[in-house]
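Please read the structure below before turning to the comments.
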Protein chains: 2
Amino acid sequence: MIIGLTKKLKDDYGINVKNAELFDEAFTHASYVNEHPKEHLKYYERIEFLGDAVMQLCVSEYLFKRYPSLPEGKLSRLRAAMVCEDSFSKFAKECHFDEYIRLGKGEEKANARNRPSLLCDIFESFIGALYLDQGKDKVVEFISAVVFPKLDMGWFDHLLDHKTELQEYLQQNGDCKIEYKMLDEKGPDNDKTYTMAVYADGKKIGEGVGSSKKNAEQAAAYQALKVAKQ
Amino acid sequence: MIIGLTKKLKDDYGINVKNAELFDEAFTHASYVNEHPKEHLKYYERIEFLGDAVMQLCVSEYLFKRYPSLPEGKLSRLRAAMVCEDSFSKFAKECHFDEYIRLGKGEEKANARNRPSLLCDIFESFIGALYLDQGKDKVVEFISAVVFPKLDMGWFDHLLDHKTELQEYLQQNGDCKIEYKMLDEKGPDNDKTYTMAVYADGKKIGEGVGSSKKNAEQAAAYQALKVAKQ
């Protein structure tokens, strides 16, 4: 058994592990299994295969529901940015999963514990183990705490250009004048909140709040799009 | 509303559609929406985005549980063969989904209704609609009737070489003599059933049935692997 893992999952994420063997498997690299042939251990690859598909669905469903007017192309780009080695390795590190991986000596020496591809694998295999142990709702609960807040933190804003989308939408049947105006500015210099409104031919069609004028404009455009497409 | 679609789903698959609009969306191509601007229709791409991920998970989970000793590489190859345009377009055709697609006139003329890429899309968007309307269990029920039986029908046998896997497994710690022998042969010439057994160093370790000697050998090797890896 991997020491401290079930306690950590309970303390940090409220996960009451039922079958600890699944999580042991999820955190065990093939190099460790090869060095301990008598223990008949399993390594993470099969569970990772499942976890990858679990993440694909949970993220897809969340994006589908959160952005009801975002076209498929943008949903796909957003999903690809969230479900990828770069993101998953960061999530694994943030959860300190790297500290619990069972590695062979050679891989340990080669610093595999900090290798993004391995961290990504472990994040996926953890998700696979959680899914098998507790079902999809618990996975959604976990990634609602660890993954989805990154959307609000702006990690993927470069893929979510609502202003361009609004412009394309409003101008598809002819010209239309689009303007953004600041309605409000609050808070101290290092923690400001802006409220911006968007106007089409002088009529206010959306309003949004953000930590920068740019973010507030994006939020306003997003709201306008939602209303326009209803 | 697409005429006959909900009745067909009820009659053929026992699906009691709750929200028919979801299925209308799932069977509507962008070209049809463009030709009917006043109806404010939606086309299938967003639902297809979701359905693709639903299929990935349902197939992954099924393969993971059905083949408890198959390594990740083979699971991935099998999944890729099942979750692909070629397979999905065949499933869509088999379900006669092609007859219900709403297409624009130009696409109709260009024979898009029989285009594998479109049939594949429609199969995925149907799965997405079913998932949104009735949840994952109902999707699993549907693909248990339409998709999974293809495994027993041998569609993917070329990817499931249990004989090679058994040989690799048994000979990993030194040489071992593997033999296959026919135990039984039944039925008329055009509908024969074979029973084959596999022996390791003279000891019987598995038995399998199939519509050809080759299939029965594969089944015997699969059973032997399952026992050996317990």
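Residue numbers start at 1 in each chain; chains themselves are named A, B, ... in the order of the structure tokens; ligands are numbered from 1 in the order shown.
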Taking only C-alpha atoms into account, what are the residues of chain B at most 8 Å from chain A, put as a VMD selection string? chain B and resid 45 to 46 49 to 50 53 to 54 56 to 57 60 to 61 64 71 to 72 75 to 76
List the spatial neighbours of Asp161 in chain A as a short mmCIF file (atom, residue, chain, number, x, y, z; two decimals) with C-alpha atoms, in the first residue's frame - criterion: any atom at most 10 Å away, only C-alpha atoms, same-chain residues fewer than 6 positions off excluded.
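Result file follows (part.cif):
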data_model
loop_
_atom_site.label_atom_id
_atom_site.label_comp_id
_atom_site.auth_asym_id
_atom_site.auth_seq_id
_atom_site.Cartn_x
_atom_site.Cartn_y
_atom_site.Cartn_z
CA LYS A 74 -14.42 26.36 -30.10
CA GLN A 218 -15.32 39.49 -22.90
CA ALA A 219 -17.93 38.80 -20.21
CA ALA A 221 -19.83 40.02 -25.18
CA TYR A 222 -20.53 36.54 -23.82
#
Got a sec: who's within 8 Å of Ile101 in chain A, counting only C-alpha atoms, leaving out chain neighbours fewer than 4 positions off, as a short mmCIF file (atom, residue, chain, number, x, y, z; two decimals) with all heavy atoms, in the first residue's frame?
data_model
loop_
_atom_site.label_atom_id
_atom_site.label_comp_id
_atom_site.auth_asym_id
_atom_site.auth_seq_id
_atom_site.Cartn_x
_atom_site.Cartn_y
_atom_site.Cartn_z
N PHE A 27 -1.00 4.70 -9.06
CA PHE A 27 0.21 5.48 -8.75
C PHE A 27 1.49 4.65 -8.91
O PHE A 27 2.56 5.07 -8.44
CB PHE A 27 0.12 6.05 -7.33
CG PHE A 27 -0.75 7.28 -7.23
CD1 PHE A 27 -2.13 7.17 -7.19
CD2 PHE A 27 -0.19 8.56 -7.20
CE1 PHE A 27 -2.95 8.29 -7.10
CE2 PHE A 27 -0.99 9.70 -7.12
CZ PHE A 27 -2.38 9.56 -7.07
N THR A 28 1.40 3.49 -9.57
CA THR A 28 2.57 2.63 -9.69
C THR A 28 3.05 2.55 -11.14
O THR A 28 2.29 2.18 -12.04
CB THR A 28 2.23 1.21 -9.17
OG1 THR A 28 1.85 1.32 -7.80
CG2 THR A 28 3.44 0.29 -9.30
N HIS A 29 4.30 2.89 -11.34
CA HIS A 29 4.91 2.87 -12.67
C HIS A 29 5.47 1.48 -12.98
O HIS A 29 5.87 0.74 -12.08
CB HIS A 29 6.04 3.92 -12.70
CG HIS A 29 6.62 4.15 -14.06
ND1 HIS A 29 7.82 3.62 -14.47
CD2 HIS A 29 6.13 4.86 -15.11
CE1 HIS A 29 8.07 4.01 -15.72
NE2 HIS A 29 7.07 4.76 -16.13
N PHE A 97 0.45 14.97 -6.41
CA PHE A 97 0.41 13.55 -6.74
C PHE A 97 1.82 13.00 -7.01
O PHE A 97 2.08 11.81 -6.82
CB PHE A 97 -0.48 13.30 -7.97
CG PHE A 97 -1.95 13.39 -7.69
CD1 PHE A 97 -2.87 13.40 -8.74
CD2 PHE A 97 -2.45 13.45 -6.38
CE1 PHE A 97 -4.24 13.47 -8.49
CE2 PHE A 97 -3.81 13.53 -6.13
CZ PHE A 97 -4.71 13.54 -7.19
N ARG A 113 9.89 11.49 -11.95
CA ARG A 113 8.88 12.03 -11.04
C ARG A 113 8.43 13.44 -11.42
O ARG A 113 7.33 13.87 -11.09
CB ARG A 113 9.43 12.01 -9.61
CG ARG A 113 8.41 12.18 -8.51
CD ARG A 113 9.05 12.02 -7.13
NE ARG A 113 9.47 10.66 -6.87
CZ ARG A 113 8.65 9.68 -6.46
NH1 ARG A 113 7.39 9.94 -6.25
NH2 ARG A 113 9.10 8.47 -6.26
N ILE A 122 -0.32 10.00 -14.55
CA ILE A 122 -0.77 9.73 -13.18
C ILE A 122 -2.08 10.46 -12.89
O ILE A 122 -2.95 9.92 -12.22
CB ILE A 122 0.34 10.15 -12.17
CG1 ILE A 122 1.57 9.25 -12.32
CG2 ILE A 122 -0.18 10.12 -10.72
CD1 ILE A 122 1.35 7.79 -11.93
#
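Within range 148-224 of chain A, DSSP applied to the backbone places the following residues in strand (DSSP E): Ile178, Glu179, Tyr180, Lys181, Met182, Leu183, Asp184, Glu185, Lys186, Thr193, Tyr194, Thr195, Met196, Ala197, Val198, Tyr199, Ala200, Lys203, Lys204, Ile205, Gly206, Glu207, Gly208, Val209 and Gly210 of chain A.
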Given the selection you just returned, output its residues as a file containing N, CA and C atoms, formatted as a PDB file, in the first residue's frame.
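For reference, result.pdb as written:
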ATOM      1  N   ILE A 178     -20.556  48.269 -33.170  1.00  0.00           N
ATOM      2  CA  ILE A 178     -20.404  47.683 -31.842  1.00  0.00           C
ATOM      3  C   ILE A 178     -19.452  48.532 -31.001  1.00  0.00           C
ATOM      4  N   GLU A 179     -19.901  48.895 -29.791  1.00  0.00           N
ATOM      5  CA  GLU A 179     -19.052  49.692 -28.894  1.00  0.00           C
ATOM      6  C   GLU A 179     -19.029  49.100 -27.487  1.00  0.00           C
ATOM      7  N   TYR A 180     -17.918  49.292 -26.803  1.00  0.00           N
ATOM      8  CA  TYR A 180     -17.816  48.888 -25.393  1.00  0.00           C
ATOM      9  C   TYR A 180     -17.597  50.153 -24.550  1.00  0.00           C
ATOM     10  N   LYS A 181     -18.338  50.267 -23.454  1.00  0.00           N
ATOM     11  CA  LYS A 181     -18.155  51.415 -22.557  1.00  0.00           C
ATOM     12  C   LYS A 181     -18.049  50.948 -21.114  1.00  0.00           C
ATOM     13  N   MET A 182     -17.216  51.642 -20.345  1.00  0.00           N
ATOM     14  CA  MET A 182     -17.069  51.278 -18.948  1.00  0.00           C
ATOM     15  C   MET A 182     -18.222  51.866 -18.142  1.00  0.00           C
ATOM     16  N   LEU A 183     -18.892  51.036 -17.348  1.00  0.00           N
ATOM     17  CA  LEU A 183     -19.987  51.513 -16.502  1.00  0.00           C
ATOM     18  C   LEU A 183     -19.512  51.769 -15.086  1.00  0.00           C
ATOM     19  N   ASP A 184     -18.513  50.997 -14.657  1.00  0.00           N
ATOM     20  CA  ASP A 184     -18.092  51.108 -13.262  1.00  0.00           C
ATOM     21  C   ASP A 184     -16.663  50.600 -13.084  1.00  0.00           C
ATOM     22  N   GLU A 185     -16.015  51.086 -12.032  1.00  0.00           N
ATOM     23  CA  GLU A 185     -14.636  50.716 -11.719  1.00  0.00           C
ATOM     24  C   GLU A 185     -14.539  50.768 -10.205  1.00  0.00           C
ATOM     25  N   LYS A 186     -14.244  49.619  -9.587  1.00  0.00           N
ATOM     26  CA  LYS A 186     -14.269  49.548  -8.122  1.00  0.00           C
ATOM     27  C   LYS A 186     -12.992  48.955  -7.563  1.00  0.00           C
ATOM     28  N   THR A 193     -12.146  45.893  -9.918  1.00  0.00           N
ATOM     29  CA  THR A 193     -13.200  45.198 -10.646  1.00  0.00           C
ATOM     30  C   THR A 193     -13.837  46.177 -11.612  1.00  0.00           C
ATOM     31  N   TYR A 194     -13.938  45.769 -12.864  1.00  0.00           N
ATOM     32  CA  TYR A 194     -14.503  46.638 -13.895  1.00  0.00           C
ATOM     33  C   TYR A 194     -15.847  46.095 -14.365  1.00  0.00           C
ATOM     34  N   THR A 195     -16.766  47.011 -14.651  1.00  0.00           N
ATOM     35  CA  THR A 195     -18.022  46.620 -15.292  1.00  0.00           C
ATOM     36  C   THR A 195     -18.080  47.304 -16.652  1.00  0.00           C
ATOM     37  N   MET A 196     -18.201  46.492 -17.691  1.00  0.00           N
ATOM     38  CA  MET A 196     -18.252  47.036 -19.049  1.00  0.00           C
ATOM     39  C   MET A 196     -19.592  46.663 -19.686  1.00  0.00           C
ATOM     40  N   ALA A 197     -20.062  47.519 -20.573  1.00  0.00           N
ATOM     41  CA  ALA A 197     -21.286  47.213 -21.325  1.00  0.00           C
ATOM     42  C   ALA A 197     -20.961  47.212 -22.811  1.00  0.00           C
ATOM     43  N   VAL A 198     -21.713  46.412 -23.561  1.00  0.00           N
ATOM     44  CA  VAL A 198     -21.529  46.404 -25.010  1.00  0.00           C
ATOM     45  C   VAL A 198     -22.807  46.907 -25.668  1.00  0.00           C
ATOM     46  N   TYR A 199     -22.639  47.736 -26.707  1.00  0.00           N
ATOM     47  CA  TYR A 199     -23.754  48.366 -27.425  1.00  0.00           C
ATOM     48  C   TYR A 199     -23.709  47.990 -28.911  1.00  0.00           C
ATOM     49  N   ALA A 200     -24.886  47.687 -29.454  1.00  0.00           N
ATOM     50  CA  ALA A 200     -24.994  47.463 -30.893  1.00  0.00           C
ATOM     51  C   ALA A 200     -25.863  48.559 -31.470  1.00  0.00           C
ATOM     52  N   LYS A 203     -27.647  50.540 -28.852  1.00  0.00           N
ATOM     53  CA  LYS A 203     -28.518  49.878 -27.885  1.00  0.00           C
ATOM     54  C   LYS A 203     -27.691  48.921 -27.015  1.00  0.00           C
ATOM     55  N   LYS A 204     -27.872  49.017 -25.705  1.00  0.00           N
ATOM     56  CA  LYS A 204     -27.104  48.139 -24.819  1.00  0.00           C
ATOM     57  C   LYS A 204     -27.594  46.690 -24.962  1.00  0.00           C
ATOM     58  N   ILE A 205     -26.673  45.780 -25.226  1.00  0.00           N
ATOM     59  CA  ILE A 205     -27.089  44.393 -25.429  1.00  0.00           C
ATOM     60  C   ILE A 205     -26.399  43.417 -24.461  1.00  0.00           C
ATOM     61  N   GLY A 206     -25.509  43.934 -23.600  1.00  0.00           N
ATOM     62  CA  GLY A 206     -24.860  43.028 -22.654  1.00  0.00           C
ATOM     63  C   GLY A 206     -23.996  43.782 -21.674  1.00  0.00           C
ATOM     64  N   GLU A 207     -23.727  43.122 -20.548  1.00  0.00           N
ATOM     65  CA  GLU A 207     -22.952  43.755 -19.487  1.00  0.00           C
ATOM     66  C   GLU A 207     -22.107  42.679 -18.823  1.00  0.00           C
ATOM     67  N   GLY A 208     -20.898  43.030 -18.412  1.00  0.00           N
ATOM     68  CA  GLY A 208     -20.046  42.012 -17.796  1.00  0.00           C
ATOM     69  C   GLY A 208     -19.059  42.601 -16.813  1.00  0.00           C
ATOM     70  N   VAL A 209     -18.642  41.752 -15.881  1.00  0.00           N
ATOM     71  CA  VAL A 209     -17.712  42.169 -14.836  1.00  0.00           C
ATOM     72  C   VAL A 209     -16.418  41.375 -14.986  1.00  0.00           C
ATOM     73  N   GLY A 210     -15.275  42.015 -14.660  1.00  0.00           N
ATOM     74  CA  GLY A 210     -14.003  41.290 -14.756  1.00  0.00           C
ATOM     75  C   GLY A 210     -12.900  42.009 -14.012  1.00  0.00           C
TER      76      GLY A 210
END
Set the distance at 10 Å and use only C-alpha atoms: which residues neighbour Gln167 in chain A once local chain neighbours fewer than 3 positions away are removed? I'd like the list as a PyMOL selection string. chain A and resi 162-164+170-172+175-178+200+221+225
So which bits of range 103-203 of chain B end up alpha helix (DSSP H) when you DSSP the backbone, as a ChimeraX atom specification? /B:105-109,116-134,136-146,149-152,162-170
Residue neighbourhood Asp12 in chain A, 12 Å, only C-alpha atoms, exclusion window fewer than 2 positions, as a PyMOL selection string: chain A and resi 4-10+14-16+94-97+142+145-146
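Rounded to one decimal, CA of Leu118 in chain B and CA of His36 in chain B lie 19.8 Å from each other.
The gap separating CA of Cys120 in chain B from CA of Lys138 in chain B is 19.8 Å, in Å to one decimal.
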